[in-house]
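**Student:** Take a look at this one; I'll ask things after.
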Amino acid sequence: MSAAALYFGAALHRAHAVLQQRLDERLGDWHGLSLGGYHLLQALEATPGLALPALARALLQPMVSTLRQVLPMEKTGLLERVDGRVRLRPAGRQLLVEARQTVEAAYARALQAPGVEADRVAVCLPLLEQLALAVRGMR
């Protein structure tokens, strides 16, 4: 493996890890939610009534991890499972609306950090999307 590939992977990991840590802190402090929980609620908003295996695929994680997220959210009234499908309940929808504001603010702050230039971000975003699609298709 080339040094450039290792450097790229490490830099991508650091950026993701720092953002996830900050978002987990803010979402936890303000909403009692992790970033993973936020993504779960967001996936159910985008595609209501997903079966657990489809929800796990949408979240790019194993089904057992998804079930570990769903169970407490179900017990606290954020979600419900009906006929094998997971749906947002009104409390889950409201939490998502509130948490989305926190996530948007955190990402906006990151994009306004010193040294982060909007034109470079605009170039990088399509590249990251393309990379995600390409790697997802690799086996």
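Residues are named by chain letter and number: chains run A, B, ... in the order of the structure tokens, numbers start at 1 in each chain, and ligands are numbered from 1 in the order shown.
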In region 4-118 of chain A, what's helix (DSSP H, G or I) per DSSP? Answer as a PyMOL selection string?

**Tutor:** chain A and resi 4-31+35-46+52-59+63-75+90-111+118

**Student:** Per residue of region 44-137 of chain A within 9 Å of region 13-30 of chain A, record the nearest atom pair and its distance in Å to one decimal, counting only C-alpha atoms, with rows in chain order and ascending residue number, as a Markdown table.

**Tutor:**
```
| residue | atom | partner | partner_atom | distance |
| --- | --- | --- | --- | --- |
| A:Ala99 | CA | A:Leu27 | CA | 6.6 |
| A:Thr102 | CA | A:Leu27 | CA | 6.9 |
| A:Val103 | CA | A:Leu23 | CA | 6.7 |
| A:Ala106 | CA | A:Leu23 | CA | 6.9 |
| A:Tyr107 | CA | A:Leu19 | CA | 8.1 |
| A:Ala110 | CA | A:Leu19 | CA | 8.1 |
```

**Student:** Considering only C-alpha atoms, state which residue in the set A:Pro72, A:Arg120, A:Leu40, A:Arg109 is at the smallest distance from Arg57 (chain A).

**Tutor:**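 Counting only C-alpha atoms, the residue closest to Arg57 (chain A) is A:Leu40.
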
**Student:** Enumerate the residues of region 62-107 of chain A with a DSSP assignment of strand (DSSP E or B), computed from the backbone, and present them as a ChimeraX atom specification.

**Tutor:** /A:79-82,85-88

**Student:** What gap, in Å, lies between CA of Gly9 (chain A) and CA of Leu127 (chain A)?

**Tutor:**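 Between these atoms lies a distance of 14.2 Å.
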
**Student:** So what do you get for CA of Leu41 (chain A) versus CA of Ala132 (chain A), distance-wise?

**Tutor:**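 Between CA of Leu41 (chain A) and CA of Ala132 (chain A) the gap works out to 21.1 Å.
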
**Student:** Go through A:Leu128, A:Ala118, A:Ala91, A:Ala134 and flag the residue nearest Phe8 (chain A), using only C-alpha atoms for the distances.

**Tutor:**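 Of the candidates, the smallest distance to Phe8 (chain A) is held by A:Leu128.
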
**Student:** What lies within 9 Å of Ala58 (chain A) using only C-alpha atoms, ignoring chain neighbours under 3 positions off, as a compact mmCIF listing (two decimals) with N, CA, C and O atoms, in the first residue's frame?

**Tutor:**
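selection.txt written:
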```txt
# COMPACT_ATOMS: atom_id res chain seq x y z
N LEU A 40 -30.25 7.02 12.69
CA LEU A 40 -31.35 6.06 12.66
C LEU A 40 -32.69 6.78 12.50
O LEU A 40 -33.51 6.41 11.65
N ALA A 43 -32.97 8.11 8.99
CA ALA A 43 -33.26 7.06 8.00
C ALA A 43 -34.73 6.69 8.01
O ALA A 43 -35.34 6.47 6.95
N PRO A 53 -33.79 -5.42 8.76
CA PRO A 53 -32.63 -5.64 7.88
C PRO A 53 -32.40 -4.47 6.90
O PRO A 53 -31.26 -4.09 6.65
N ALA A 54 -33.47 -3.90 6.38
CA ALA A 54 -33.33 -2.76 5.47
C ALA A 54 -32.82 -1.53 6.21
O ALA A 54 -32.02 -0.76 5.66
N LEU A 55 -33.26 -1.34 7.44
CA LEU A 55 -32.78 -0.23 8.24
C LEU A 55 -31.28 -0.38 8.51
O LEU A 55 -30.52 0.57 8.39
N GLN A 61 -24.59 -0.78 8.81
CA GLN A 61 -24.13 -1.45 10.01
C GLN A 61 -24.80 -2.81 10.15
O GLN A 61 -25.82 -3.06 9.51
```

**Student:** Within 12 Å of Gln69 (chain A), counting only C-alpha atoms, which residues qualify if same-chain residues fewer than 2 places away don't, as an mmCIF file with N, CA and C atoms, in the first residue's frame?

**Tutor:**
```cif
data_model
loop_
_atom_site.group_PDB
_atom_site.id
_atom_site.type_symbol
_atom_site.label_atom_id
_atom_site.label_comp_id
_atom_site.auth_asym_id
_atom_site.auth_seq_id
_atom_site.Cartn_x
_atom_site.Cartn_y
_atom_site.Cartn_z
ATOM 1 N N LEU A 33 -29.059 11.795 22.862
ATOM 2 C CA LEU A 33 -29.020 11.012 21.630
ATOM 3 C C LEU A 33 -27.581 10.945 21.136
ATOM 4 N N SER A 34 -27.200 9.852 20.515
ATOM 5 C CA SER A 34 -25.881 9.748 19.869
ATOM 6 C C SER A 34 -26.037 10.121 18.399
ATOM 7 N N LEU A 35 -24.904 10.294 17.736
ATOM 8 C CA LEU A 35 -24.962 10.564 16.298
ATOM 9 C C LEU A 35 -25.566 9.371 15.570
ATOM 10 N N GLY A 36 -25.238 8.160 16.016
ATOM 11 C CA GLY A 36 -25.836 6.959 15.421
ATOM 12 C C GLY A 36 -27.344 6.935 15.589
ATOM 13 N N GLY A 37 -27.820 7.348 16.755
ATOM 14 C CA GLY A 37 -29.265 7.427 16.987
ATOM 15 C C GLY A 37 -29.922 8.466 16.097
ATOM 16 N N TYR A 38 -29.236 9.586 15.912
ATOM 17 C CA TYR A 38 -29.738 10.620 15.014
ATOM 18 C C TYR A 38 -29.865 10.076 13.595
ATOM 19 N N HIS A 39 -28.829 9.362 13.138
ATOM 20 C CA HIS A 39 -28.878 8.806 11.778
ATOM 21 C C HIS A 39 -29.996 7.779 11.642
ATOM 22 N N LEU A 40 -30.254 7.021 12.694
ATOM 23 C CA LEU A 40 -31.353 6.058 12.660
ATOM 24 C C LEU A 40 -32.694 6.780 12.498
ATOM 25 N N LEU A 41 -32.917 7.806 13.296
ATOM 26 C CA LEU A 41 -34.165 8.575 13.176
ATOM 27 C C LEU A 41 -34.287 9.200 11.791
ATOM 28 N N LEU A 52 -36.264 -4.201 9.808
ATOM 29 C CA LEU A 52 -34.986 -4.102 10.509
ATOM 30 C C LEU A 52 -33.778 -4.384 9.603
ATOM 31 N N LEU A 55 -33.261 -1.344 7.439
ATOM 32 C CA LEU A 55 -32.780 -0.226 8.241
ATOM 33 C C LEU A 55 -31.284 -0.380 8.513
ATOM 34 N N ALA A 56 -30.864 -1.591 8.839
ATOM 35 C CA ALA A 56 -29.436 -1.854 9.071
ATOM 36 C C ALA A 56 -28.621 -1.549 7.813
ATOM 37 N N LEU A 59 -28.213 2.118 7.329
ATOM 38 C CA LEU A 59 -27.274 2.692 8.288
ATOM 39 C C LEU A 59 -25.852 2.168 8.106
ATOM 40 N N GLN A 61 -24.595 -0.775 8.813
ATOM 41 C CA GLN A 61 -24.126 -1.452 10.014
ATOM 42 C C GLN A 61 -24.797 -2.813 10.151
ATOM 43 N N PRO A 62 -24.239 -3.686 10.981
ATOM 44 C CA PRO A 62 -24.849 -5.003 11.183
ATOM 45 C C PRO A 62 -26.236 -4.884 11.816
ATOM 46 N N MET A 63 -27.072 -5.863 11.543
ATOM 47 C CA MET A 63 -28.433 -5.827 12.070
ATOM 48 C C MET A 63 -28.445 -5.839 13.598
ATOM 49 N N VAL A 64 -27.526 -6.573 14.214
ATOM 50 C CA VAL A 64 -27.503 -6.622 15.675
ATOM 51 C C VAL A 64 -27.215 -5.237 16.263
ATOM 52 N N SER A 65 -26.375 -4.451 15.613
ATOM 53 C CA SER A 65 -26.102 -3.082 16.077
ATOM 54 C C SER A 65 -27.350 -2.217 15.946
ATOM 55 N N THR A 66 -28.058 -2.391 14.864
ATOM 56 C CA THR A 66 -29.292 -1.634 14.654
ATOM 57 C C THR A 66 -30.329 -2.016 15.697
ATOM 58 N N LEU A 67 -30.453 -3.302 15.984
ATOM 59 C CA LEU A 67 -31.406 -3.755 16.999
ATOM 60 C C LEU A 67 -31.049 -3.172 18.359
ATOM 61 N N LEU A 71 -34.094 -0.996 20.236
ATOM 62 C CA LEU A 71 -34.779 -1.442 21.455
ATOM 63 C C LEU A 71 -34.970 -0.337 22.493
ATOM 64 N N PRO A 72 -33.913 0.406 22.893
ATOM 65 C CA PRO A 72 -34.162 1.471 23.869
ATOM 66 C C PRO A 72 -35.022 2.610 23.321
ATOM 67 N N MET A 73 -34.900 2.879 22.023
ATOM 68 C CA MET A 73 -35.722 3.939 21.434
ATOM 69 C C MET A 73 -37.188 3.512 21.395
ATOM 70 N N GLU A 74 -37.402 2.239 21.239
ATOM 71 C CA GLU A 74 -38.760 1.712 21.261
ATOM 72 C C GLU A 74 -39.327 1.816 22.685
ATOM 73 N N LYS A 75 -38.527 1.466 23.674
ATOM 74 C CA LYS A 75 -38.971 1.506 25.077
ATOM 75 C C LYS A 75 -39.269 2.916 25.551
ATOM 76 N N THR A 76 -38.551 3.901 25.016
ATOM 77 C CA THR A 76 -38.781 5.288 25.425
ATOM 78 C C THR A 76 -39.826 5.994 24.571
ATOM 79 N N LEU A 78 -39.868 6.554 21.212
ATOM 80 C CA LEU A 78 -39.441 7.279 20.017
ATOM 81 C C LEU A 78 -39.790 6.525 18.742
ATOM 82 N N LEU A 79 -39.798 5.186 18.846
ATOM 83 C CA LEU A 79 -40.062 4.313 17.704
ATOM 84 C C LEU A 79 -41.101 3.283 18.088
ATOM 85 N N VAL A 86 -40.158 -0.812 11.342
ATOM 86 C CA VAL A 86 -39.837 0.191 12.360
ATOM 87 C C VAL A 86 -40.352 1.540 11.878
#
```

**Student:** Taking only C-alpha atoms into account, name the residue in A:Val123, A:Leu50, A:Leu44, A:Ala4 that is nearest to Gly92 (chain A).

**Tutor:**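 Closest to Gly92 (chain A) of all the choices is A:Leu44.
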
**Student:** Taking only C-alpha atoms into account, which of A:Arg136, A:Glu117, A:Glu45, A:Ala108 comes nearest Pro90 (chain A)?

**Tutor:**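 Ranking A:Arg136, A:Glu117, A:Glu45, A:Ala108 by distance to Pro90 (chain A), first place goes to A:Glu45.
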